[in-house]
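Participant: Below is model-v4.cif; it holds mmCIF, C-alpha atoms.
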```cif
data_model
loop_
_atom_site.label_atom_id
_atom_site.label_comp_id
_atom_site.auth_asym_id
_atom_site.auth_seq_id
_atom_site.Cartn_x
_atom_site.Cartn_y
_atom_site.Cartn_z
CA MET P 1 116.64 75.12 7.53
CA SER P 2 117.40 77.66 10.27
CA GLN P 3 116.98 76.70 13.93
CA SER P 4 114.05 79.12 14.33
CA VAL P 5 112.08 77.65 11.40
CA TRP P 6 112.92 74.13 12.60
CA ASN P 7 111.52 75.02 16.05
CA TRP P 8 108.26 76.27 14.54
CA VAL P 9 107.93 73.14 12.39
CA LEU P 10 108.63 70.93 15.41
CA ALA P 11 106.07 72.82 17.52
CA ALA P 12 103.45 72.50 14.76
CA VAL P 13 104.12 68.76 14.33
CA ALA P 14 103.97 68.21 18.11
CA LEU P 15 100.64 70.06 18.26
CA VAL P 16 99.15 68.08 15.38
CA VAL P 17 100.24 64.80 17.01
CA ALA P 18 98.83 66.00 20.37
CA ALA P 19 95.52 66.89 18.68
CA ALA P 20 95.33 63.46 16.99
CA VAL P 21 96.08 61.66 20.26
CA ALA P 22 93.53 63.84 22.09
CA LEU P 23 90.83 63.17 19.50
CA ALA P 24 91.44 59.40 19.58
CA TRP P 25 91.41 59.33 23.39
CA THR P 26 88.29 61.51 23.56
CA TRP P 27 86.46 59.25 21.09
CA TRP P 28 87.42 56.14 23.04
CA TYR P 29 86.53 57.72 26.42
CA ALA P 30 83.15 59.00 25.22
CA SER P 31 82.26 55.63 23.67
CA ARG P 32 83.29 53.39 26.55
CA GLU P 33 80.70 51.68 28.70
CA VAL P 34 80.58 52.75 32.32
CA VAL P 35 79.23 49.99 34.53
CA THR P 36 77.58 51.03 37.80
CA PRO P 37 75.32 49.03 40.11
CA LEU P 38 71.63 49.86 40.20
CA SER P 39 70.93 52.50 42.85
CA THR P 40 67.52 53.59 44.06
CA VAL P 41 66.29 57.09 44.81
CA ASN P 42 63.24 57.28 47.13
CA ALA P 43 62.92 53.52 47.65
CA SER P 44 59.63 54.02 49.51
CA GLY P 45 58.05 55.97 46.62
CA SER P 46 54.61 54.61 45.80
CA THR P 47 53.31 56.84 42.99
CA GLY P 48 55.16 54.87 40.33
CA ARG P 49 58.43 53.17 39.51
CA ALA P 50 60.89 54.64 37.01
CA LEU P 51 64.08 53.28 35.48
CA LEU P 52 66.72 55.89 34.61
CA VAL P 53 69.44 54.63 32.28
CA PHE P 54 72.11 57.21 31.45
CA HIS P 55 75.63 57.77 30.18
CA PRO P 56 77.67 60.02 32.48
CA GLY P 57 79.59 61.78 29.70
CA MET P 58 82.91 63.57 30.07
CA SER P 59 81.95 66.58 32.19
CA ASP P 60 79.65 66.77 35.20
CA PHE P 61 76.79 68.43 33.28
CA PRO P 62 75.02 65.27 31.96
CA GLN P 63 75.18 63.65 35.39
CA ARG P 64 73.84 66.78 37.13
CA ILE P 65 70.91 66.87 34.73
CA THR P 66 69.99 63.18 35.12
CA THR P 67 70.37 63.44 38.91
CA ALA P 68 68.06 66.48 38.94
CA PHE P 69 65.54 64.60 36.80
CA ALA P 70 65.62 61.63 39.19
CA ASP P 71 65.23 64.00 42.15
CA GLY P 72 62.21 65.63 40.49
CA LEU P 73 60.52 62.27 40.04
CA ALA P 74 61.38 61.27 43.61
CA GLN P 75 59.95 64.55 44.94
CA ALA P 76 56.71 63.68 43.14
CA GLY P 77 56.58 60.37 45.01
CA TRP P 78 58.21 58.08 42.46
CA ARG P 79 60.70 55.35 43.16
CA VAL P 80 63.62 55.78 40.72
CA ASP P 81 66.13 53.05 39.89
CA ARG P 82 69.28 54.53 38.32
CA THR P 83 72.04 52.84 36.37
CA THR P 84 74.48 53.60 33.58
CA ALA P 85 73.98 52.30 30.04
CA SER P 86 75.97 49.08 29.63
CA ARG P 87 75.56 45.40 28.84
CA GLN P 88 74.95 44.86 32.57
CA ALA P 89 72.13 47.44 32.76
CA VAL P 90 68.57 46.25 33.43
CA ALA P 91 66.93 45.09 30.21
CA GLU P 92 63.78 43.66 31.78
CA LEU P 93 61.40 46.62 31.87
CA SER P 94 58.12 44.99 32.95
CA ALA P 95 58.44 46.26 36.56
CA TYR P 96 58.67 49.89 35.49
CA ASP P 97 56.00 52.50 34.75
CA LEU P 98 58.40 54.98 33.13
CA ILE P 99 61.75 54.68 31.36
CA VAL P 100 64.10 57.70 31.35
CA LEU P 101 67.07 57.72 28.97
CA GLY P 102 69.79 60.30 29.66
CA SER P 103 72.88 61.05 27.59
CA PRO P 104 75.22 63.73 26.34
CA VAL P 105 75.00 64.39 22.59
CA TYR P 106 78.13 63.80 20.51
CA ALA P 107 78.07 64.48 16.76
CA ASN P 108 74.27 64.81 16.80
CA SER P 109 73.81 61.37 18.40
CA PRO P 110 73.44 60.12 21.94
CA ALA P 111 76.56 58.53 23.44
CA LYS P 112 77.27 55.11 21.97
CA PRO P 113 76.63 53.08 25.18
CA LEU P 114 73.09 54.53 25.45
CA ALA P 115 72.39 54.04 21.74
CA ASP P 116 73.59 50.41 22.10
CA TYR P 117 71.37 49.93 25.16
CA VAL P 118 68.29 51.16 23.28
CA ARG P 119 69.15 48.79 20.39
CA ARG P 120 69.39 45.88 22.84
CA ILE P 121 65.85 46.57 24.09
CA ALA P 122 63.87 44.90 21.35
CA ASP P 123 60.47 45.86 22.75
CA PHE P 124 59.56 48.70 25.11
CA SER P 125 56.02 47.16 25.26
CA GLY P 126 54.27 50.52 24.96
CA LYS P 127 55.97 51.89 28.09
CA PRO P 128 56.26 55.67 28.38
CA VAL P 129 59.84 56.79 27.60
CA VAL P 130 61.44 60.17 28.35
CA LEU P 131 64.62 61.39 26.66
CA VAL P 132 66.84 63.76 28.66
CA TYR P 133 69.85 64.87 26.63
CA THR P 134 72.59 67.43 27.14
CA ALA P 135 74.49 69.07 24.29
CA ALA P 136 76.92 71.85 23.53
CA GLY P 137 74.75 73.59 20.94
CA ASP P 138 71.59 71.74 19.99
CA ALA P 139 70.15 68.41 21.11
CA SER P 140 67.10 68.41 18.82
CA VAL P 141 68.53 66.18 16.05
CA ALA P 142 69.64 63.53 18.55
CA LEU P 143 66.30 63.73 20.39
CA GLN P 144 64.41 63.28 17.14
CA SER P 145 66.45 60.30 15.94
CA SER P 146 66.31 58.61 19.36
CA ALA P 147 62.55 59.15 19.57
CA ALA P 148 62.17 57.45 16.19
CA ILE P 149 64.26 54.45 17.32
CA VAL P 150 62.30 54.14 20.59
CA SER P 151 59.00 54.33 18.67
CA GLU P 152 60.21 51.58 16.30
CA ARG P 153 60.72 49.42 19.37
CA HIS P 154 57.16 50.07 20.57
CA GLY P 155 58.07 52.70 23.13
CA LYS P 156 55.80 55.69 23.71
CA VAL P 157 57.94 58.84 23.83
CA VAL P 158 56.17 61.14 26.30
CA GLY P 159 58.90 63.71 26.80
CA ARG P 160 62.00 65.06 25.05
CA PHE P 161 64.23 67.44 26.96
CA GLY P 162 67.45 68.96 25.64
CA TYR P 163 69.73 71.17 27.75
CA THR P 164 72.73 73.01 26.39
CA THR P 165 75.93 74.58 27.65
CA GLN P 166 76.60 76.94 24.74
CA ARG P 167 73.21 78.62 24.54
CA PRO P 168 71.01 80.08 27.27
CA ASN P 169 68.53 77.37 28.31
CA GLU P 170 65.75 79.85 28.97
CA SER P 171 65.33 83.50 28.08
CA ALA P 172 62.66 84.46 30.61
CA LYS P 173 65.18 84.30 33.50
CA ALA P 174 62.60 82.44 35.57
CA TYR P 175 65.34 80.41 37.20
CA PRO P 176 68.29 81.85 39.16
CA GLY P 177 71.97 81.08 38.79
CA SER P 178 74.21 80.14 35.89
CA ASN P 179 73.03 78.63 32.63
CA THR P 180 73.90 75.19 34.02
CA ASP P 181 72.09 75.83 37.32
CA ARG P 182 69.03 76.90 35.37
CA ALA P 183 69.17 73.74 33.26
CA VAL P 184 69.36 71.62 36.43
CA ALA P 185 66.34 73.42 37.95
CA MET P 186 64.44 73.09 34.65
CA ALA P 187 65.17 69.34 34.51
CA ARG P 188 63.89 68.91 38.08
CA ASP P 189 60.71 70.88 37.28
CA ALA P 190 60.20 68.98 34.02
CA ALA P 191 60.38 65.67 35.92
CA ARG P 192 57.90 66.94 38.52
CA SER P 193 55.34 67.99 35.91
CA LEU P 194 55.85 64.79 33.94
CA ALA P 195 55.44 62.70 37.09
CA ALA P 196 51.93 64.00 37.49
CA ALA P 197 50.80 62.48 34.18
CA PRO P 198 53.46 60.28 32.57
CA ASN P 199 51.17 58.76 29.95
CA MET G 1 109.94 116.03 15.44
CA ARG G 2 108.68 116.57 18.98
CA ARG G 3 105.15 115.73 17.87
CA ARG G 4 106.37 112.49 16.29
CA ARG G 5 108.16 111.59 19.51
CA GLN G 6 105.00 112.26 21.52
CA THR G 7 102.96 110.10 19.12
CA ALA G 8 105.50 107.29 19.41
CA ARG G 9 105.41 107.53 23.21
CA ALA G 10 101.62 107.46 23.15
CA LEU G 11 101.66 104.34 20.97
CA GLY G 12 104.09 102.71 23.41
CA VAL G 13 101.73 103.44 26.30
CA LEU G 14 98.84 102.17 24.17
CA GLY G 15 100.68 98.83 23.99
CA HIS G 16 100.41 98.50 27.78
CA GLY G 17 96.78 99.60 27.47
CA PHE G 18 96.11 96.63 25.19
CA THR G 19 97.64 94.35 27.83
CA ALA G 20 95.40 95.93 30.49
CA LEU G 21 92.42 95.36 28.17
CA ARG G 22 92.94 91.60 28.60
CA VAL G 23 92.74 92.00 32.37
CA VAL G 24 89.41 93.82 31.95
CA ILE G 25 88.06 91.29 29.41
CA SER G 26 88.95 88.20 31.51
CA PRO G 27 86.08 88.35 34.04
CA LEU G 28 83.65 89.10 31.21
CA VAL G 29 84.79 85.94 29.42
CA TYR G 30 84.04 83.92 32.57
CA VAL G 31 80.62 85.53 33.05
CA TRP G 32 79.58 85.04 29.41
CA ILE G 33 80.72 81.41 29.30
CA VAL G 34 78.83 80.60 32.51
CA ALA G 35 75.74 82.41 31.18
CA GLY G 36 75.79 80.28 28.01
CA GLU G 37 76.53 83.33 25.83
CA SER G 38 79.21 81.56 23.83
CA THR G 39 79.18 84.04 20.91
CA LEU G 40 79.91 86.97 23.23
CA ALA G 41 82.58 84.93 25.01
CA ALA G 42 84.18 84.00 21.65
CA ALA G 43 84.20 87.67 20.58
CA ALA G 44 85.85 88.66 23.85
CA VAL G 45 88.52 85.95 23.54
CA ALA G 46 89.16 87.01 19.93
CA CYS G 47 89.65 90.64 21.10
CA ALA G 48 92.03 89.42 23.79
CA MET G 49 94.02 87.42 21.20
CA ALA G 50 94.23 90.49 18.97
CA SER G 51 95.42 92.59 21.92
CA ASP G 52 98.09 89.95 22.67
CA LEU G 53 99.37 90.23 19.09
CA ILE G 54 99.41 94.04 19.13
CA ASP G 55 100.65 94.98 22.61
CA GLY G 56 104.16 93.55 22.46
CA ALA G 57 104.75 94.86 18.94
CA LEU G 58 103.66 98.39 19.91
CA VAL G 59 105.79 98.49 23.05
CA ARG G 60 108.85 97.10 21.25
CA ARG G 61 108.45 99.52 18.32
CA PHE G 62 107.46 102.72 20.12
CA GLY G 63 107.81 102.26 23.85
CA ARG G 64 110.37 101.02 26.33
CA PRO G 65 110.16 97.26 26.78
CA THR G 66 110.71 96.48 30.46
CA ARG G 67 110.87 93.31 32.50
CA ALA G 68 107.81 94.45 34.46
CA GLY G 69 105.91 94.97 31.21
CA ALA G 70 106.82 91.47 30.02
CA TRP G 71 105.62 89.94 33.32
CA PHE G 72 102.41 92.02 33.13
CA ASP G 73 101.82 90.58 29.64
CA ILE G 74 102.37 86.98 30.82
CA HIS G 75 100.08 87.39 33.85
CA ALA G 76 97.37 89.06 31.76
CA ASP G 77 97.50 86.01 29.45
CA LEU G 78 97.32 83.66 32.45
CA LEU G 79 94.34 85.53 33.93
CA LEU G 80 92.41 85.36 30.66
CA ILE G 81 93.16 81.66 30.15
CA LEU G 82 92.27 80.74 33.74
CA CYS G 83 89.01 82.73 33.55
CA ALA G 84 88.07 80.99 30.28
CA PHE G 85 88.85 77.45 31.48
CA ALA G 86 87.31 78.08 34.93
CA GLY G 87 84.21 79.25 33.05
CA PHE G 88 84.21 76.05 30.96
CA ALA G 89 84.41 74.01 34.17
CA ALA G 90 81.64 76.00 35.88
CA ALA G 91 79.42 75.71 32.80
CA GLY G 92 79.90 71.93 32.63
CA ILE G 93 81.62 72.19 29.24
CA LEU G 94 85.04 70.83 30.27
CA SER G 95 86.32 69.21 33.41
CA GLY G 96 87.88 71.38 36.09
CA TRP G 97 91.02 69.23 36.18
CA LEU G 98 92.22 71.04 33.03
CA LEU G 99 93.10 73.98 35.26
CA ALA G 100 95.84 71.83 36.84
CA PRO G 101 98.10 71.35 33.75
CA ILE G 102 97.47 74.97 32.70
CA SER G 103 98.48 76.35 36.11
CA ALA G 104 101.42 73.92 36.30
CA SER G 105 102.75 74.95 32.88
CA PHE G 106 102.67 78.64 33.85
CA ALA G 107 104.27 77.84 37.24
CA VAL G 108 107.09 75.93 35.50
CA PHE G 109 107.44 78.78 32.99
CA VAL G 110 107.77 81.36 35.78
CA ALA G 111 110.16 79.15 37.77
CA THR G 112 112.45 78.48 34.81
CA ALA G 113 112.24 81.88 33.09
CA THR G 114 114.85 83.43 35.37
CA LEU G 115 117.30 80.53 35.07
CA ARG G 116 120.40 80.92 32.98
CA ALA G 117 120.01 77.49 31.47
CA ARG G 118 119.29 77.46 27.75
CA LEU G 119 115.76 76.19 27.43
CA TYR G 120 114.60 74.13 24.48
CA ASP G 121 110.83 74.50 24.50
CA PRO G 122 109.35 75.12 21.04
CA ILE G 123 105.75 74.85 22.28
CA GLY G 124 106.29 76.91 25.44
CA ARG G 125 107.10 80.07 23.49
CA CYS G 126 103.55 80.10 22.12
CA ILE G 127 101.67 78.25 24.90
CA GLY G 128 99.68 81.40 25.79
CA GLY G 129 98.54 81.73 22.17
CA ILE G 130 97.77 77.99 21.94
CA LEU G 131 95.60 78.09 25.08
CA MET G 132 93.80 81.26 23.96
CA ALA G 133 93.14 79.67 20.56
CA ALA G 134 91.85 76.57 22.38
CA ALA G 135 89.51 78.74 24.48
CA LEU G 136 88.23 80.46 21.33
CA ALA G 137 87.72 77.11 19.57
CA VAL G 138 85.80 75.69 22.56
CA CYS G 139 83.54 78.78 22.56
CA LEU G 140 82.85 78.37 18.83
CA ALA G 141 82.47 74.57 18.79
CA THR G 142 78.90 73.31 18.73
CA ASP G 143 79.72 69.70 19.57
CA ALA G 144 80.65 68.44 23.03
CA LEU G 145 83.05 65.81 21.66
CA VAL G 146 85.00 68.45 19.69
CA GLN G 147 85.16 70.62 22.81
CA GLN G 148 86.54 67.72 24.84
CA ALA G 149 89.15 66.97 22.17
CA ILE G 150 90.25 70.63 22.15
CA GLY G 151 90.49 70.57 25.95
CA ALA G 152 92.59 67.39 25.86
CA THR G 153 94.88 68.91 23.18
CA ALA G 154 95.39 71.98 25.38
CA ALA G 155 96.26 69.73 28.34
CA LEU G 156 98.76 67.76 26.22
CA ALA G 157 100.37 71.00 24.98
CA CYS G 158 100.81 72.09 28.62
CA LEU G 159 102.35 68.72 29.52
CA LEU G 160 104.73 68.92 26.55
CA THR G 161 106.01 72.35 27.58
CA ILE G 162 106.37 71.25 31.22
CA VAL G 163 108.40 68.18 30.19
CA ALA G 164 110.54 70.20 27.75
CA ARG G 165 111.35 72.88 30.32
CA LEU G 166 112.06 70.46 33.15
CA ALA G 167 114.24 68.32 30.85
CA SER G 168 116.19 71.43 29.82
CA VAL G 169 117.04 72.39 33.39
CA LEU G 170 117.91 68.89 34.56
CA PRO G 171 121.51 68.67 35.84
CA GLY G 172 123.85 67.74 33.00
CA ARG G 173 121.45 68.90 30.27
CA GLN G 174 121.92 72.64 30.67
CA GLY G 175 123.19 74.43 27.60
CA GLN G 176 122.06 71.77 25.18
CA PRO G 177 119.59 72.94 22.54
#
```
For the file at hand, write its structure as structure tokens.
Facilitator:
Amino acid sequence: MSQSVWNWVLAAVALVVAAAVALAWTWWYASREVVTPLSTVNASGSTGRALLVFHPGMSDFPQRITTAFADGLAQAGWRVDRTTASRQAVAELSAYDLIVLGSPVYANSPAKPLADYVRRIADFSGKPVVLVYTAAGDASVALQSSAAIVSERHGKVVGRFGYTTQRPNESAKAYPGSNTDRAVAMARDAARSLAAAPN
Amino acid sequence: MRRRRQTARALGVLGHGFTALRVVISPLVYVWIVAGESTLAAAAVACAMASDLIDGALVRRFGRPTRAGAWFDIHADLLLILCAFAGFAAAGILSGWLLAPISASFAVFVATATLRARLYDPIGRCIGGILMAAALAVCLATDALVQQAIGATAALACLLTIVARLASVLPGRQGQP
């Protein structure tokens, strides 16, 4: 085999190995639990009390969306407790008037730590639940399957919001800025309108 | 005969035109990615990849390949790749830290390209094409996990070429294939 062909073969093998390593690392990173302490937005809020459980994902988009949603609720006078989905996350929901679940969508499913968290909650006791997902192309399949699981556990799904990076989030151009900025503003507005009548 | 020579010269100039096309396309790629118009961005990256395949061949066949032309080609590639990955970062698709290994790999390429040492870097010779293909694949992917894996592969390819080039120019290793 000539040196040139050998170089091409070596480059191809190195790339395939790199892709396999990258895929394995990405899978592990996306599935790992991120433990964060409970933080409170608008601690003096008196309209209602919400629990936001989310998975931060691998880019800043999911976190920007969940932060905007929490800000929207806080602006409407709600107290919002935020934490990441893990075994340490709050599982006792009786103190809350609204549960918000936020996650990026991977392979048409929410991130594993959030899916595991929902499975650990045996009974949502009829509490209103909102799903706030981010996806590359389409979050609808993940929203639908999560809504079904929440309903099975006696949760009342009162809102499903999917925001994407690969498709324009709104065509009316009602919001300024980039597609991501629009999604953030839409999430904040969605939280504000939902806060008015969560049930 | 004269007409044929003029046509050949025109095709040679056209080769540089294809390189310039990448410079024009680059900001559009950024704008379309940030706007969430991934299909348009993918089409633009595909055009840029086609221009990268054609320009060098045209200049070598019909024009006068120059050092300046080669550097123009490399920097046009870099501009396109940086615009695409900066767009991915701004759109929340990939993390911004990916720009670091990409910029570092080009910096090492530029720093080592003028050295007399014999470089053994099988990935580096096609790193521009690999990164453009990665940008195209990210634009076309409809799953965030796949996009992240493509981004991580691109970062690893950059690291491999950096290590290969630096290892080749280390004292005592020069001249070894």
Participant: Nearest to G:Ala91 among P:Ala183, P:Ala111, P:Ala195, P:Leu101, with distances taken over only C-alpha atoms: which residue is it?
Facilitator: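 Ranking P:Ala183, P:Ala111, P:Ala195, P:Leu101 by distance to G:Ala91, first place goes to P:Ala183.
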Participant: Tell me which residues the PyMOL selection byres ((chain G) within 6 of (chain P)) grabs here, as a list of chain:residue names.
Facilitator: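 Answer for the PyMOL selection byres ((chain G) within 6 of (chain P)): G:Val34, G:Ala35, G:Gly36, G:Glu37, G:Ser38, G:Ala91, G:Gly92, G:Leu94, G:Ser95, G:Pro122, G:Ile123, G:Thr142, G:Asp143, G:Ala144, G:Leu145, G:Ala149, G:Ala152, G:Thr153.
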Participant: Any chance you could export the current selection's C-alpha atoms as a PDB file, in the frame of the given file?
Facilitator:
```pdb
ATOM      1  CA  VAL G  34      78.830  80.600  32.510  1.00  0.00           C
ATOM      2  CA  ALA G  35      75.740  82.410  31.180  1.00  0.00           C
ATOM      3  CA  GLY G  36      75.790  80.280  28.010  1.00  0.00           C
ATOM      4  CA  GLU G  37      76.530  83.330  25.830  1.00  0.00           C
ATOM      5  CA  SER G  38      79.210  81.560  23.830  1.00  0.00           C
ATOM      6  CA  ALA G  91      79.420  75.710  32.800  1.00  0.00           C
ATOM      7  CA  GLY G  92      79.900  71.930  32.630  1.00  0.00           C
ATOM      8  CA  LEU G  94      85.040  70.830  30.270  1.00  0.00           C
ATOM      9  CA  SER G  95      86.320  69.210  33.410  1.00  0.00           C
ATOM     10  CA  PRO G 122     109.350  75.120  21.040  1.00  0.00           C
ATOM     11  CA  ILE G 123     105.750  74.850  22.280  1.00  0.00           C
ATOM     12  CA  THR G 142      78.900  73.310  18.730  1.00  0.00           C
ATOM     13  CA  ASP G 143      79.720  69.700  19.570  1.00  0.00           C
ATOM     14  CA  ALA G 144      80.650  68.440  23.030  1.00  0.00           C
ATOM     15  CA  LEU G 145      83.050  65.810  21.660  1.00  0.00           C
ATOM     16  CA  ALA G 149      89.150  66.970  22.170  1.00  0.00           C
ATOM     17  CA  ALA G 152      92.590  67.390  25.860  1.00  0.00           C
ATOM     18  CA  THR G 153      94.880  68.910  23.180  1.00  0.00           C
TER      19      THR G 153
END
```
Participant: Select all residues near (68.8, 47.5, 41.3) (cut-off 9 Å, inclusive, file coordinates), counting all atoms listed in the file, and output them as a list of chain:residue names.
Facilitator: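 Here the neighbourhood of the point contains P:Pro37, P:Leu38, P:Ser39, P:Thr40, P:Asp81, P:Arg82, P:Thr83, P:Val90.
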Participant: With a distance cut-off of 9 Å and all atoms listed in the file, select the neighbouring residues of P:Leu114, excluding the residue or stretch itself and same-chain residues fewer than 4 positions from it, and output the selection as a short mmCIF file (atom, residue, chain, number, x, y, z; two decimals) with C-alpha atoms, keeping the file's coordinate frame.
Facilitator:
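Just written: out-v1.cif:
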```cif
data_model
loop_
_atom_site.label_atom_id
_atom_site.label_comp_id
_atom_site.auth_asym_id
_atom_site.auth_seq_id
_atom_site.Cartn_x
_atom_site.Cartn_y
_atom_site.Cartn_z
CA GLU P 33 80.70 51.68 28.70
CA VAL P 53 69.44 54.63 32.28
CA PHE P 54 72.11 57.21 31.45
CA HIS P 55 75.63 57.77 30.18
CA THR P 84 74.48 53.60 33.58
CA ALA P 85 73.98 52.30 30.04
CA SER P 86 75.97 49.08 29.63
CA LEU P 101 67.07 57.72 28.97
CA GLY P 102 69.79 60.30 29.66
CA SER P 103 72.88 61.05 27.59
CA PRO P 110 73.44 60.12 21.94
CA VAL P 118 68.29 51.16 23.28
CA ARG P 119 69.15 48.79 20.39
#
```
Participant: Calculate how many Å separate atom CA of P:Tyr175 from atom CA of P:Ala74, rounding to one decimal.
Facilitator: 20.6 Å
Participant: Enumerate, as a PyMOL selection string, the residues matched when the PyMOL selection byres ((chain G and resi 157-162) around 10) is run on the file above.
Facilitator: (chain P and resi 11+14-15+18-19) or (chain G and resi 98+100-109+120-128+130-131+151-156+163-168)
Participant: May I ask for the distance between atom CA of G:Val146 and atom CA of P:Val100, given in Å to one decimal place?
Facilitator: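 Interatomic distance here is 26.2 Å.
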Participant: Around (63.4, 61.8, 38.9), as given in the file, which residues come within 9 Å? Count only C-alpha atoms and list them as a PyMOL selection string.
Facilitator: chain P and resi 41+50+52+66-76+78-80+100+187-188+191-192+195
Participant: I'd like the interatomic distance between atom CA of P:Gly126 and atom CA of P:Ile65, to a tenth of an Å.
Facilitator: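 According to the coordinates, atom CA of P:Gly126 and atom CA of P:Ile65 are separated by 25.3 Å.
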